[in-house]
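Participant: The following file, entry_22.csv, comprises CSV, C-alpha atoms and all ligand atoms:
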```csv
chain,number,residue,atom,x,y,z
R,1,MET,CA,175.2,197.5,183.0
R,2,ALA,CA,172.5,199.3,181.1
R,3,LEU,CA,168.8,198.8,181.8
R,4,ARG,CA,167.5,198.8,178.2
R,5,VAL,CA,163.8,198.9,177.4
R,6,ARG,CA,161.8,198.8,174.3
R,7,VAL,CA,159.8,202.0,173.8
R,8,CYS,CA,158.1,202.0,170.4
R,9,THR,CA,158.8,201.4,166.7
R,10,LEU,CA,160.0,203.8,164.1
R,11,ALA,CA,156.5,203.9,162.7
R,12,ASP,CA,155.2,205.4,166.0
R,13,ILE,CA,157.5,208.4,165.8
R,14,VAL,CA,156.3,211.5,164.0
R,15,PRO,CA,159.2,213.8,163.1
R,16,GLY,CA,159.2,217.0,165.1
R,17,GLU,CA,156.4,215.9,167.4
R,18,LEU,CA,156.6,214.9,171.0
R,19,ARG,CA,155.1,211.5,171.8
R,20,GLY,CA,155.0,209.7,175.2
R,21,PHE,CA,155.1,205.9,175.4
R,22,LEU,CA,154.3,203.9,178.5
R,23,VAL,CA,156.9,201.3,179.4
R,24,GLU,CA,156.0,198.5,181.8
R,25,ASN,CA,157.5,199.0,185.3
R,26,VAL,CA,158.7,202.5,184.4
R,27,THR,CA,156.9,205.3,186.4
R,28,TRP,CA,156.9,208.0,183.8
R,29,PRO,CA,156.3,207.5,180.1
R,30,VAL,CA,159.3,207.8,177.8
R,31,MET,CA,159.1,210.9,175.5
R,32,VAL,CA,160.4,210.5,172.0
R,33,THR,CA,160.9,213.1,169.3
R,34,THR,CA,163.3,213.8,166.5
R,35,ILE,CA,165.8,216.6,165.8
R,36,ASP,CA,167.5,216.6,162.4
R,37,GLU,CA,166.3,213.0,161.8
R,38,GLN,CA,168.0,211.9,165.1
R,39,ILE,CA,165.8,210.3,167.7
R,40,VAL,CA,165.8,212.0,171.1
R,41,ALA,CA,164.3,210.3,174.1
R,42,PHE,CA,163.9,211.6,177.6
R,43,PRO,CA,161.7,211.0,180.7
R,44,GLY,CA,158.2,212.3,180.6
R,45,VAL,CA,158.5,214.3,183.7
R,46,CYS,CA,159.6,217.9,184.1
R,47,PRO,CA,162.7,218.1,186.3
R,48,HIS,CA,161.5,221.3,187.8
R,49,ASP,CA,158.5,220.0,189.7
R,50,ASP,CA,157.6,216.4,188.7
R,51,VAL,CA,154.9,217.3,186.3
R,52,SER,CA,154.0,215.1,183.3
R,53,LEU,CA,155.5,216.3,180.1
R,54,VAL,CA,153.0,214.1,178.2
R,55,ASP,CA,150.3,216.5,179.5
R,56,TYR,CA,152.2,219.7,179.8
R,57,GLY,CA,155.2,219.5,177.5
R,58,VAL,CA,155.2,221.3,174.2
R,59,ARG,CA,157.8,221.3,171.5
R,60,GLU,CA,159.2,224.7,170.3
R,61,ASP,CA,161.9,224.3,167.7
R,62,ASP,CA,164.6,222.3,169.5
R,63,ILE,CA,163.2,223.0,172.9
R,64,VAL,CA,160.6,221.3,175.1
R,65,ARG,CA,158.7,223.8,177.2
R,66,CYS,CA,156.8,222.8,180.3
R,67,ARG,CA,153.6,224.7,180.3
R,68,VAL,CA,153.2,224.7,184.1
R,69,HIS,CA,155.9,227.3,184.9
R,70,GLY,CA,157.3,227.9,181.4
R,71,TYR,CA,160.7,226.4,181.8
R,72,ARG,CA,162.4,225.5,178.6
R,73,PHE,CA,164.8,222.6,178.1
R,74,ASP,CA,167.2,222.2,175.1
R,75,LEU,CA,166.5,218.8,173.7
R,76,ARG,CA,170.0,218.4,172.5
R,77,SER,CA,171.8,219.2,175.7
R,78,GLY,CA,169.0,218.9,178.3
R,79,VAL,CA,170.0,222.3,179.7
R,80,CYS,CA,167.3,224.5,181.2
R,81,GLU,CA,167.3,228.1,179.9
R,82,HIS,CA,165.9,229.4,183.2
R,83,ALA,CA,167.7,227.4,185.7
R,84,PRO,CA,171.1,226.0,184.5
R,85,GLY,CA,171.2,223.7,187.4
R,86,LEU,CA,168.2,221.8,186.1
R,87,GLN,CA,168.9,219.2,183.5
R,88,LEU,CA,166.5,217.2,181.4
R,89,ARG,CA,167.9,213.7,181.2
R,90,ARG,CA,168.2,212.2,177.7
R,91,TYR,CA,168.3,208.5,177.3
R,92,ARG,CA,170.8,206.7,175.0
R,93,VAL,CA,168.8,205.5,172.1
R,94,SER,CA,169.4,202.3,170.0
R,95,LEU,CA,167.6,200.6,167.2
R,96,VAL,CA,166.9,196.9,167.0
R,97,GLY,CA,165.4,196.5,163.5
R,98,ASP,CA,162.6,199.0,163.5
R,99,GLU,CA,162.3,199.0,167.3
R,100,VAL,CA,163.4,201.9,169.4
R,101,TRP,CA,165.1,201.0,172.7
R,102,VAL,CA,166.5,203.3,175.4
R,103,ASP,CA,168.9,202.9,178.2
R,104,LEU,CA,167.2,204.0,181.4
R,105,LEU,CA,170.4,203.6,183.4
D,1,LIG,S1,156.8,221.9,186.6
D,1,LIG,FE1,157.6,222.2,184.6
D,1,LIG,S2,158.3,224.2,184.6
D,1,LIG,FE2,157.6,223.9,186.6
```
Let me see the file written as structure tokens.
Facilitator:
Amino acid sequence: MALRVRVCTLADIVPGELRGFLVENVTWPVMVTTIDEQIVAFPGVCPHDDVSLVDYGVREDDIVRCRVHGYRFDLRSGVCEHAPGLQLRRYRVSLVGDEVWVDLL
């Protein structure tokens, strides 16, 4: 069974920008952005070394780069360019009216 949480509304999303949203009882904010008008959501923590992507993540084309050690993650696949064993999780996204929900599990 999915653990689905409400993250934000469509009006909170700026196309092409990274935004982090706090979700009650979730440790790391949920990051939300868009690629080709599709919403992409992922945990706000770098899988390399548990650093906040709210503070250190930067969008570069379809990549999020963590500024701490420079690792880059493909937002479509989650694959890390520098360490293929590292994966940026992406959450399944669903819309309920204008509300953006993600499946944490
Ligand atoms: S903590 Fe993000 S690249 Fe190392």
Participant: Which protein, DNA or RNA residues have an atom at most 12 Å from (163.2, 224.6, 179.3), counting all atoms listed in the file? List them as a short mmCIF file (atom, residue, chain, number, x, y, z; two decimals) with C-alpha atoms, in the coordinates of the input.
Facilitator:
```cif
data_model
loop_
_atom_site.label_atom_id
_atom_site.label_comp_id
_atom_site.auth_asym_id
_atom_site.auth_seq_id
_atom_site.Cartn_x
_atom_site.Cartn_y
_atom_site.Cartn_z
CA CYS R 46 159.60 217.90 184.10
CA PRO R 47 162.70 218.10 186.30
CA HIS R 48 161.50 221.30 187.80
CA LEU R 53 155.50 216.30 180.10
CA GLY R 57 155.20 219.50 177.50
CA VAL R 58 155.20 221.30 174.20
CA ARG R 59 157.80 221.30 171.50
CA GLU R 60 159.20 224.70 170.30
CA ASP R 61 161.90 224.30 167.70
CA ASP R 62 164.60 222.30 169.50
CA ILE R 63 163.20 223.00 172.90
CA VAL R 64 160.60 221.30 175.10
CA ARG R 65 158.70 223.80 177.20
CA CYS R 66 156.80 222.80 180.30
CA ARG R 67 153.60 224.70 180.30
CA VAL R 68 153.20 224.70 184.10
CA HIS R 69 155.90 227.30 184.90
CA GLY R 70 157.30 227.90 181.40
CA TYR R 71 160.70 226.40 181.80
CA ARG R 72 162.40 225.50 178.60
CA PHE R 73 164.80 222.60 178.10
CA ASP R 74 167.20 222.20 175.10
CA LEU R 75 166.50 218.80 173.70
CA ARG R 76 170.00 218.40 172.50
CA SER R 77 171.80 219.20 175.70
CA GLY R 78 169.00 218.90 178.30
CA VAL R 79 170.00 222.30 179.70
CA CYS R 80 167.30 224.50 181.20
CA GLU R 81 167.30 228.10 179.90
CA HIS R 82 165.90 229.40 183.20
CA ALA R 83 167.70 227.40 185.70
CA PRO R 84 171.10 226.00 184.50
CA GLY R 85 171.20 223.70 187.40
CA LEU R 86 168.20 221.80 186.10
CA GLN R 87 168.90 219.20 183.50
CA LEU R 88 166.50 217.20 181.40
#
```
Participant: Point out the residue among R:Val54, R:Leu10, R:Gly97, R:Val102 with the least atom-to-atom distance to Pro29 (chain R), counting only C-alpha atoms.
Facilitator: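 Closest candidate: R:Val54.
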Participant: Suppose you want the space between CA of Asp50 (chain R) and CA of Leu22 (chain R); what is it in Å?
Facilitator: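 Going from CA of Asp50 (chain R) over to CA of Leu22 (chain R) covers 16.5 Å.
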Participant: For a test of reading the model, state the distance in Å between CA of Thr33 (chain R) and CA of Asp49 (chain R), rounded to one decimal.
Facilitator: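 Between CA of Thr33 (chain R) and CA of Asp49 (chain R) the gap is 21.7 Å.
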Participant: Could you list, as a list in words, every residue within 9 Å of Cys8 (chain R), counting only C-alpha atoms and ignoring same-chain residues fewer than 6 positions away?
Facilitator: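 Skipping anything fewer than 6 positions along the chain leaves Phe21, Val32, Asp98, Glu99, Val100 and Trp101 of chain R.
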Participant: Just chain R from the block, C-alpha atoms, as a short mmCIF file (atom, residue, chain, number, x, y, z; two decimals), in the first residue's frame, could you?
Facilitator:
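Just written: part.cif:
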```
data_model
loop_
_atom_site.label_atom_id
_atom_site.label_comp_id
_atom_site.auth_asym_id
_atom_site.auth_seq_id
_atom_site.Cartn_x
_atom_site.Cartn_y
_atom_site.Cartn_z
CA MET R 1 0.00 0.00 0.00
CA ALA R 2 1.33 3.42 -0.95
CA LEU R 3 2.05 6.07 1.65
CA ARG R 4 0.69 9.06 -0.21
CA VAL R 5 1.23 12.60 1.07
CA ARG R 6 0.16 16.01 -0.13
CA VAL R 7 3.16 18.15 -1.06
CA CYS R 8 1.96 21.40 -2.63
CA THR R 9 -0.37 22.83 -5.22
CA LEU R 10 0.26 23.37 -8.91
CA ALA R 11 0.51 27.11 -8.22
CA ASP R 12 3.52 26.45 -5.95
CA ILE R 13 5.55 24.94 -8.79
CA VAL R 14 7.68 27.11 -11.02
CA PRO R 15 8.56 25.33 -14.28
CA GLY R 16 12.23 24.45 -14.45
CA GLU R 17 12.96 25.51 -10.86
CA LEU R 18 13.73 23.28 -7.91
CA ARG R 19 11.51 23.81 -4.90
CA GLY R 20 11.50 21.98 -1.59
CA PHE R 21 8.34 21.46 0.46
CA LEU R 22 8.15 20.39 4.06
CA VAL R 23 5.77 17.52 4.68
CA GLU R 24 4.64 16.73 8.21
CA ASN R 25 6.36 13.66 9.68
CA VAL R 26 8.75 13.37 6.72
CA THR R 27 12.42 13.94 7.56
CA TRP R 28 13.57 15.55 4.34
CA PRO R 29 11.56 18.06 2.29
CA VAL R 30 10.10 16.80 -0.96
CA MET R 31 11.73 18.44 -3.97
CA VAL R 32 9.49 19.27 -6.91
CA THR R 33 10.36 20.49 -10.37
CA THR R 34 9.18 20.01 -13.93
CA ILE R 35 10.68 18.51 -17.08
CA ASP R 36 8.78 19.00 -20.31
CA GLU R 37 5.71 20.01 -18.29
CA GLN R 38 5.86 16.77 -16.30
CA ILE R 39 6.14 17.05 -12.54
CA VAL R 40 9.16 15.33 -11.04
CA ALA R 41 9.45 14.80 -7.28
CA PHE R 42 12.27 13.35 -5.23
CA PRO R 43 13.65 13.40 -1.69
CA GLY R 44 15.45 16.58 -0.67
CA VAL R 45 18.58 14.72 0.34
CA CYS R 46 21.64 13.87 -1.71
CA PRO R 47 22.07 10.09 -1.84
CA HIS R 48 25.83 10.52 -1.79
CA ASP R 49 26.22 11.84 1.73
CA ASP R 50 22.89 12.91 3.25
CA VAL R 51 23.17 16.59 2.43
CA SER R 52 20.13 18.80 1.91
CA LEU R 53 19.28 19.34 -1.73
CA VAL R 54 17.14 22.29 -0.68
CA ASP R 55 20.34 24.04 0.35
CA TYR R 56 22.87 22.46 -2.01
CA GLY R 57 20.92 21.20 -5.00
CA VAL R 58 20.99 23.15 -8.23
CA ARG R 59 19.13 22.45 -11.45
CA GLU R 60 21.23 22.16 -14.62
CA ASP R 61 19.10 21.26 -17.63
CA ASP R 62 17.54 17.88 -16.73
CA ILE R 63 20.07 17.30 -13.98
CA VAL R 64 20.21 18.13 -10.31
CA ARG R 65 23.73 18.78 -9.13
CA CYS R 66 24.69 18.62 -5.49
CA ARG R 67 27.12 21.44 -4.82
CA VAL R 68 28.86 19.64 -1.96
CA HIS R 69 30.86 17.18 -4.06
CA GLY R 70 29.46 17.98 -7.48
CA TYR R 71 27.60 14.73 -8.14
CA ARG R 72 24.97 15.07 -10.83
CA PHE R 73 21.74 13.07 -10.98
CA ASP R 74 19.53 12.68 -14.01
CA LEU R 75 16.09 13.85 -12.97
CA ARG R 76 14.38 11.47 -15.40
CA SER R 77 16.18 8.28 -14.40
CA GLY R 78 17.73 9.17 -11.06
CA VAL R 79 21.07 7.83 -12.30
CA CYS R 80 24.19 9.48 -10.94
CA GLU R 81 26.74 10.39 -13.64
CA HIS R 82 29.71 9.90 -11.34
CA ALA R 83 28.68 6.82 -9.43
CA PRO R 84 26.19 4.64 -11.30
CA GLY R 85 25.49 2.71 -8.10
CA LEU R 86 23.96 5.82 -6.56
CA GLN R 87 20.37 6.50 -7.41
CA LEU R 88 18.23 9.53 -6.74
CA ARG R 89 14.81 8.18 -5.85
CA ARG R 90 11.89 9.68 -7.67
CA TYR R 91 8.44 9.63 -6.18
CA ARG R 92 5.35 8.64 -8.08
CA VAL R 93 3.33 11.85 -8.51
CA SER R 94 -0.43 12.18 -8.73
CA LEU R 95 -2.77 15.14 -8.91
CA VAL R 96 -5.93 15.56 -6.89
CA GLY R 97 -7.53 18.64 -8.35
CA ASP R 98 -4.74 21.19 -8.17
CA GLU R 99 -2.96 19.41 -5.32
CA VAL R 100 0.29 17.54 -5.92
CA TRP R 101 0.60 14.25 -4.02
CA VAL R 102 3.51 11.82 -3.97
CA ASP R 103 3.89 8.20 -2.94
CA LEU R 104 6.68 8.02 -0.39
CA LEU R 105 6.55 4.23 -0.42
#
```
